[in-house]
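First comes the structure, then the notes that go with it.
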Amino acid sequence: MLIKYFATFRDLTGELSRKLDESPATIADLLELLSVRYGKAFRGAVFDDGALSSLLILLVNGRNVRLTGGLSTPLSPTDEVSVFPMVAGG
Amino acid sequence: MNGWTGTTLRVDLGRGTITREPTNMKVAHDYIGARGMGVKIISDEVDPHADALGPDNKLIFAPGPLTGTFAPSAGRYNVVTKSPLNGVIAGSNSGGVFGPELKFAGYDALIIEGQAKKPVFLWIKDDVVEIRDASSLWGMTVADTTEALREKTEPDAKVACIGPAGENLSLIASIMNEMHRAAGRTGVGAVMGSKKLKAIAVVGTGAITVADPVAFKAAVMDSRDKIHANPVGGAGLKAYGTDVLVNILNQSGALPVNNYQDAYSPVADKIGGESLAANQLVRPKGCFACVISCGRATKVTNPLYAGVGEGPEYESAWAFGVDSGIDNLDAIIKANYLCNEYGLDTISMGATIACAMELYELGLLTKKDTDGLDLSFGNVASMVEMVRKTGVGEGFGKRLAAGSYRLAESVGRADLSMTVKKQEMPAYDPRGVQGIGLNYATNNRGGCHVRGYTIAVEVLGQGAPTDPHATEGKAALGVAFQDLTSALDSTGSCLFATFGIGGAELASMLSALTGVEYSVDDFMKAGARVFNLERLWNLKVGYTAADDTLPPRILTEPIKTGPSKGEVNHLEEMLPEYYSLRGWDENGVPTPAKLAELSL
């Protein structure tokens with residue numbers, strides 16, 4: 001599984017991307033795993049009282065997880081997950 | 001008179017006359033100002049069949065009622081005219097400080113008509129308005145013109161001008177103000193060039209009166225707080241600028257690559273806002289009364305492309321970047337700087353180069369056409385050189401200066417021009433984001449994203465979750481965004497304010513400022529009125545429902561790689577519902593009932 005970080009998440013993690021040997025079953029499992037690795041600031045950026053933060057854009061293979069089950073979105077070892085804060089432009 | 005100044009300035013360059021007229025307050029109330037007022041004036045005064053580059057076309061510069069106040073990010077003016085690129089009722093708006101200065105000088109609108117016999121500039125200092133000789137300025141770049149005019153007039157004059165591209169009547173020429181801010185789209189710079197009007201220099205010392213200062217201050221502070229509280233308006237845009245969109249559009253499978261041949265690039269990150277912030281960004285920069293500061297003051301030290309200036313925005317980075325097969329951000333910024341110097345629309349310039357590259361790779365253009373340049377995708381040096389050639393109107397640049405539609409049509413492949421109504425589409429692939437395709441197809445100025453930015457909902461997570469690959473609900477979304485933007489543009493506000501506030505907040509500020517009560521419904525209805533009046537004018541020009549379409553590639557050629565692999569745009573599923581929601585018949589013509597509802 002490949003995790004790609006963008007914008008402020010590069011500062012929070014100190015990384016551009018990370019390959020995981022583990023295979024978390026869902027987005028909730030993945031975010032919990034990453035929060036343990038990166039710490040409190042990361043946890044605060046991805047969770048809001050245990051729910052998926054509304055300030056987060058999370059794509060699994062290009063699909064926003066809010067359309068695929070949120071924290072329950074299932075994952076497979078070949079997935080690519082992109083992690084963004086809320087961004088915009090035009 | 002509150003909010004509006006009550007005065008419209010009319011300058012006939014052919015006759016050399018200058019007149020002041022009372023602003024038509026019925027028009028001001030119904031159309032708000034800026035874009036709306038400009039559209040109403042063009043609609044009333046310009047024959048839809050007039051030559052866009054002839055003396056009968058008019059060029060309107062109009063700030064809005066909120067422009068120049070401390071309403072958040074309300075520092076914009078609109079340019080409205082008949083487009084020489086595609087004949088529609090066109091317009092483009094720009095930030096900076098020129099719009100507020102025109103307002104401080106006392107004008108709701110400046111109407112330029114006729115054509116001067118020799119180059120002139122307009123000097124405005126409050127009530128003093130003069131048409132002055134600009135022969136010595138003709139041929140100058142935007143920066144040189146701006147500096148020369150400040151010497152000729154006053155050091156703090158605010159200058160809007162054209163560069164050599166506008167003088168040469170390039171159909172993708174922009175009007176620039178404060179050197180780096182652009183009214184970029186629809187070829188408005190060519191209209192200014194056709195009138196031999198090199199520049200407008202303004203100093204305004206007046207004030208804007210407010211109907212209910214206490215209520216206005218409260219409404220403004222409420223809007224400021226909401227924009228600050230929004231993660232995008234409050235911090236996101238300031239940190240990374242609009243170029244931060246490169247990665248999210250790419251990861252969503254909607255970043256057009258190589259003239260829209262694909263919608264995913266493995267090297268996109270090299271040209272994104274994160275890379276820009278790390279390497280070329282000097283500081284964020286804001287326009288008048290801006291609380292966001294999305295602008296990028298940048299510096300390139302690479303000796304091949306060294307320079308100092310502003311940009312790129314997301315659209316510019318895309319057009320000169322992956323759409324042209326290029327991942328060199330230094331070169332992209334250089335191309336952006338050249339566009340600012342010569343006065344060119346970065347979107348249409350970059351997308352025209354991308355089109356030329358595809359035509360070259362197909363053998364439809366050869367080195368005999370291109371002054372010996374290799375135009376293969378990814379040729380960085382050729383990309384930068386083509387911008388220069390277009391800017392000065394040299395060799396192959398003369399063909400590029402007419403935009404991609406005419407270039408592709410000249411070799412029998414108009415289908416390879418990624419345009420709608422002859423204007424280049426921006427940086428969101430409608431195969432990966434269905435609703436933006438509907439907006440492109442129905443937008444009154446052709447391929448345009450800002451006048452119906454459904455991306456905010458479809459990709460960027462604003463509002464309820466919406467599937468970008470689905471067509472359901474996109475017609476209603478498109479109508480809502482188009483009407484809101486029409487009204488917002490007419491106030492003089494920046495689109496990015498909507499990352500935090502909406503029609504309710506804008507109507508509240510407008511009501512307290514002007515003393516004219518606008519409900520949210522009144523406000524949105526004014527937007528619908530502006531949009532429908534534009535539509536009516538375009539129908540008179542000769543546009544029909546058949547023109548509400550997208551390039552064949554977008555409708556029939558599936559995306560090859562990335563998250564949107566296999567997708568095409570399903571415009572046919574959205575357009576009938578869109579017409580119905582608009583109150584238009586099956587031919588895309590507003591019904592009598594809709595016209596009556598909007599008092600048109």
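So you can find residues: chains in the structure tokens are A, B, ... in the order shown, residues in each start at 1, and ligands are numbered from 1 in order.
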Counting only C-alpha atoms, which residues of chain A sit at most 6 Å from some atom of chain B, and what is each one's closest atom pair with its distance in Å to one decimal, listed by chain and rising residue number, as JSON lines?
{"residue": "A:Ala7", "atom": "CA", "partner": "B:Glu274", "partner_atom": "CA", "distance": 5.9}
{"residue": "A:Asn61", "atom": "CA", "partner": "B:Pro563", "partner_atom": "CA", "distance": 5.9}
{"residue": "A:Gly62", "atom": "CA", "partner": "B:Ser252", "partner_atom": "CA", "distance": 4.4}
{"residue": "A:Val87", "atom": "CA", "partner": "B:Val232", "partner_atom": "CA", "distance": 5.5}
{"residue": "A:Gly89", "atom": "CA", "partner": "B:Thr242", "partner_atom": "CA", "distance": 4.0}
For the structure I just gave you, how does DSSP split chain A - specifically, which residues are helix (DSSP H, G or I)? Reply as a VMD selection string. chain A and resid 8 to 13 27 to 38 40 to 46 65 to 67 70 to 72
Mind writing the picked residues with C-alpha atoms as a compact mmCIF listing (two decimals), in the first residue's frame?
# COMPACT_ATOMS: atom_id res chain seq x y z
CA THR A 8 0.61 20.47 5.14
CA PHE A 9 0.71 16.69 5.54
CA ARG A 10 4.28 16.76 4.23
CA ASP A 11 5.19 18.97 7.19
CA LEU A 12 3.23 16.83 9.62
CA THR A 13 4.89 13.59 8.49
CA ILE A 27 -9.44 3.67 6.38
CA ALA A 28 -10.04 3.82 10.15
CA ASP A 29 -7.36 1.19 10.70
CA LEU A 30 -4.97 2.99 8.39
CA LEU A 31 -5.41 6.37 10.05
CA GLU A 32 -4.98 4.82 13.49
CA LEU A 33 -1.77 3.13 12.35
CA LEU A 34 -0.43 6.37 10.88
CA SER A 35 -1.44 8.37 13.96
CA VAL A 36 0.65 6.07 16.12
CA ARG A 37 3.58 6.56 13.77
CA TYR A 38 3.36 10.35 13.34
CA LYS A 40 -0.61 13.83 18.12
CA ALA A 41 -0.55 16.54 15.47
CA PHE A 42 -1.25 14.03 12.73
CA ARG A 43 -4.03 12.43 14.75
CA GLY A 44 -5.57 15.85 15.30
CA ALA A 45 -5.49 16.53 11.56
CA VAL A 46 -7.24 13.34 10.51
CA VAL A 65 -13.57 8.14 0.82
CA ARG A 66 -16.63 10.21 1.76
CA LEU A 67 -18.27 8.56 -1.27
CA GLY A 70 -15.73 7.11 5.10
CA LEU A 71 -13.76 5.46 7.90
CA SER A 72 -15.27 2.10 6.94
With only C-alpha atoms as the counted atoms, please give the residues lying no more than 6 Å from region 76-86 of chain A, apart from itself and same-chain residues fewer than 3 positions off, as an NGL selection string. :A and (1-6 or 23 or 55-61)
Filtering to N, CA and C atoms, could you give me those residues as a PDB file, in the first residue's frame?
ATOM      1  N   MET A   1       0.848  -1.199   0.000  1.00  0.00           N
ATOM      2  CA  MET A   1       0.000   0.000   0.000  1.00  0.00           C
ATOM      3  C   MET A   1       0.883   1.248   0.000  1.00  0.00           C
ATOM      4  N   LEU A   2       0.548   2.168  -0.876  1.00  0.00           N
ATOM      5  CA  LEU A   2       1.333   3.397  -0.972  1.00  0.00           C
ATOM      6  C   LEU A   2       0.504   4.569  -0.432  1.00  0.00           C
ATOM      7  N   ILE A   3       1.110   5.309   0.493  1.00  0.00           N
ATOM      8  CA  ILE A   3       0.449   6.499   1.043  1.00  0.00           C
ATOM      9  C   ILE A   3       1.206   7.714   0.526  1.00  0.00           C
ATOM     10  N   LYS A   4       0.486   8.656  -0.090  1.00  0.00           N
ATOM     11  CA  LYS A   4       1.106   9.890  -0.584  1.00  0.00           C
ATOM     12  C   LYS A   4       0.600  11.072   0.240  1.00  0.00           C
ATOM     13  N   TYR A   5       1.534  11.932   0.652  1.00  0.00           N
ATOM     14  CA  TYR A   5       1.177  13.099   1.462  1.00  0.00           C
ATOM     15  C   TYR A   5       1.327  14.380   0.634  1.00  0.00           C
ATOM     16  N   PHE A   6       0.425  15.318   0.858  1.00  0.00           N
ATOM     17  CA  PHE A   6       0.463  16.576   0.128  1.00  0.00           C
ATOM     18  C   PHE A   6       0.251  17.764   1.068  1.00  0.00           C
ATOM     19  N   SER A  23      -1.171  -4.240   6.141  1.00  0.00           N
ATOM     20  CA  SER A  23      -2.352  -4.119   5.285  1.00  0.00           C
ATOM     21  C   SER A  23      -3.571  -3.829   6.133  1.00  0.00           C
ATOM     22  N   LEU A  55     -11.848  18.456   7.700  1.00  0.00           N
ATOM     23  CA  LEU A  55     -10.823  19.293   7.074  1.00  0.00           C
ATOM     24  C   LEU A  55      -9.829  18.454   6.273  1.00  0.00           C
ATOM     25  N   LEU A  56     -10.225  17.241   5.970  1.00  0.00           N
ATOM     26  CA  LEU A  56      -9.341  16.288   5.321  1.00  0.00           C
ATOM     27  C   LEU A  56      -9.940  15.853   3.982  1.00  0.00           C
ATOM     28  N   ILE A  57      -9.099  15.735   2.972  1.00  0.00           N
ATOM     29  CA  ILE A  57      -9.522  15.096   1.724  1.00  0.00           C
ATOM     30  C   ILE A  57      -8.674  13.842   1.569  1.00  0.00           C
ATOM     31  N   LEU A  58      -9.337  12.715   1.551  1.00  0.00           N
ATOM     32  CA  LEU A  58      -8.656  11.421   1.521  1.00  0.00           C
ATOM     33  C   LEU A  58      -9.139  10.665   0.287  1.00  0.00           C
ATOM     34  N   LEU A  59      -8.209  10.346  -0.590  1.00  0.00           N
ATOM     35  CA  LEU A  59      -8.562   9.632  -1.816  1.00  0.00           C
ATOM     36  C   LEU A  59      -7.964   8.232  -1.789  1.00  0.00           C
ATOM     37  N   VAL A  60      -8.754   7.248  -2.145  1.00  0.00           N
ATOM     38  CA  VAL A  60      -8.238   5.890  -2.339  1.00  0.00           C
ATOM     39  C   VAL A  60      -8.358   5.588  -3.825  1.00  0.00           C
ATOM     40  N   ASN A  61      -7.218   5.451  -4.474  1.00  0.00           N
ATOM     41  CA  ASN A  61      -7.175   5.265  -5.928  1.00  0.00           C
ATOM     42  C   ASN A  61      -7.987   6.352  -6.648  1.00  0.00           C
TER      43      ASN A  61
END
Please provide the set of residues having any atom within 10 Å of region 148-154 of chain B, restricted to only C-alpha atoms, with same-chain residues fewer than 2 positions apart removed, written as a count of residues only. 23
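As for CA of Val568 (chain B) and CA of Gly437 (chain B), they are spaced 10.2 Å apart.
Interatomic distance, CA of Pro284 (chain B) to CA of Ala317 (chain B): 16.6 Å.
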Hey, what's within 9 Å of Gly447 (chain B) if we count only C-alpha atoms and toss same-chain stuff fewer than 2 positions away? As a tab-separated table (two decimals) with N, CA and C atoms, in the first residue's frame, please?
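Output saved as selection39.tsv:
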chain	number	residue	atom	x	y	z
B	418	MET	N	-8.73	22.31	-27.93
B	418	MET	CA	-9.49	21.99	-26.71
B	418	MET	C	-10.21	23.25	-26.22
B	419	THR	N	-11.21	23.63	-27.01
B	419	THR	CA	-11.93	24.88	-26.76
B	419	THR	C	-13.44	24.63	-26.69
B	420	VAL	N	-14.11	25.55	-26.04
B	420	VAL	CA	-15.57	25.65	-26.10
B	420	VAL	C	-15.88	27.05	-26.59
B	421	LYS	N	-16.65	27.15	-27.64
B	421	LYS	CA	-16.94	28.44	-28.27
B	421	LYS	C	-15.62	29.18	-28.55
B	422	LYS	N	-14.64	28.43	-29.02
B	422	LYS	CA	-13.33	28.93	-29.46
B	422	LYS	C	-12.44	29.43	-28.33
B	423	GLN	N	-12.87	29.32	-27.09
B	423	GLN	CA	-11.98	29.70	-25.99
B	423	GLN	C	-11.46	28.44	-25.28
B	424	GLU	N	-10.17	28.45	-24.99
B	424	GLU	CA	-9.50	27.29	-24.42
B	424	GLU	C	-10.08	26.92	-23.05
B	425	MET	N	-10.31	25.62	-22.86
B	425	MET	CA	-10.76	25.13	-21.56
B	425	MET	C	-9.60	25.21	-20.57
B	426	PRO	N	-9.92	25.44	-19.30
B	426	PRO	CA	-8.90	25.48	-18.26
B	426	PRO	C	-8.50	24.07	-17.80
B	439	ASN	N	-20.59	23.00	-17.14
B	439	ASN	CA	-20.33	24.43	-17.00
B	439	ASN	C	-19.55	24.97	-18.19
B	440	TYR	N	-18.52	24.26	-18.62
B	440	TYR	CA	-17.78	24.71	-19.81
B	440	TYR	C	-18.74	24.87	-21.01
B	441	ALA	N	-19.58	23.86	-21.20
B	441	ALA	CA	-20.43	23.82	-22.39
B	441	ALA	C	-21.45	24.96	-22.41
B	442	THR	N	-21.91	25.37	-21.24
B	442	THR	CA	-22.99	26.37	-21.19
B	442	THR	C	-22.50	27.75	-20.78
B	443	ASN	N	-21.23	27.88	-20.46
B	443	ASN	CA	-20.74	29.17	-20.00
B	443	ASN	C	-20.83	30.21	-21.11
B	444	ASN	N	-21.28	31.39	-20.75
B	444	ASN	CA	-21.53	32.40	-21.77
B	444	ASN	C	-20.27	32.95	-22.42
B	445	ARG	N	-19.10	32.74	-21.81
B	445	ARG	CA	-17.91	33.25	-22.48
B	445	ARG	C	-17.06	32.11	-23.05
B	449	HIS	N	-13.74	28.28	-16.18
B	449	HIS	CA	-14.03	27.56	-14.94
B	449	HIS	C	-14.58	28.47	-13.85
B	550	LEU	N	-18.84	20.22	-26.09
B	550	LEU	CA	-17.44	20.07	-25.69
B	550	LEU	C	-16.66	19.50	-26.87
Fewer than 5 positions away in the same chain doesn't count, so skip those; otherwise give me all residues within 12 Å of Phe531 (chain B), counting only C-alpha atoms, as number ranges by chain. B: 31, 35-37, 39-40, 89-90, 442-445, 451-452, 479-490, 524-526, 536-538, 582, 590, 595, 598, 600
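When CA of Ala62 (chain B) is paired with CA of Ala215 (chain B), their separation reads 25.4 Å.
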Please identify all polymer residues within 12 Å of Thr471 (chain B), counting only C-alpha atoms, omitting same-chain residues fewer than 2 positions from it, and present them as a ChimeraX atom specification. /B:430-438,458,466-469,473-478,568-578
Restricted to C-alpha atoms, what would the selected residues look like written as a compact mmCIF listing (two decimals), in the first residue's frame?
# COMPACT_ATOMS: atom_id res chain seq x y z
CA PRO B 430 -14.52 17.17 -17.86
CA ARG B 431 -14.11 13.45 -18.35
CA GLY B 432 -12.92 13.16 -14.75
CA VAL B 433 -15.30 15.78 -13.35
CA GLN B 434 -18.67 15.67 -15.08
CA GLY B 435 -20.24 18.87 -13.76
CA ILE B 436 -17.43 21.16 -14.83
CA GLY B 437 -17.99 19.88 -18.37
CA LEU B 438 -21.58 21.07 -18.23
CA GLU B 458 -17.12 17.88 -6.99
CA THR B 466 -20.63 14.63 -4.60
CA ASP B 467 -19.27 12.01 -6.97
CA PRO B 468 -17.24 13.77 -9.70
CA HIS B 469 -17.89 10.85 -12.08
CA GLY B 473 -27.48 16.58 -9.64
CA LYS B 474 -24.89 18.35 -11.75
CA ALA B 475 -27.40 20.45 -13.68
CA ALA B 476 -28.70 22.06 -10.50
CA LEU B 477 -25.18 22.48 -9.21
CA GLY B 478 -24.13 24.21 -12.42
CA VAL B 568 -15.69 10.31 -21.05
CA ASN B 569 -18.01 13.25 -20.37
CA HIS B 570 -21.72 12.52 -20.53
CA LEU B 571 -22.93 15.99 -21.40
CA GLU B 572 -26.02 14.59 -23.10
CA GLU B 573 -27.26 13.31 -19.73
CA MET B 574 -26.99 16.73 -18.07
CA LEU B 575 -27.85 19.31 -20.71
CA PRO B 576 -31.64 18.74 -21.06
CA GLU B 577 -32.10 19.00 -17.29
CA TYR B 578 -29.91 22.10 -17.25
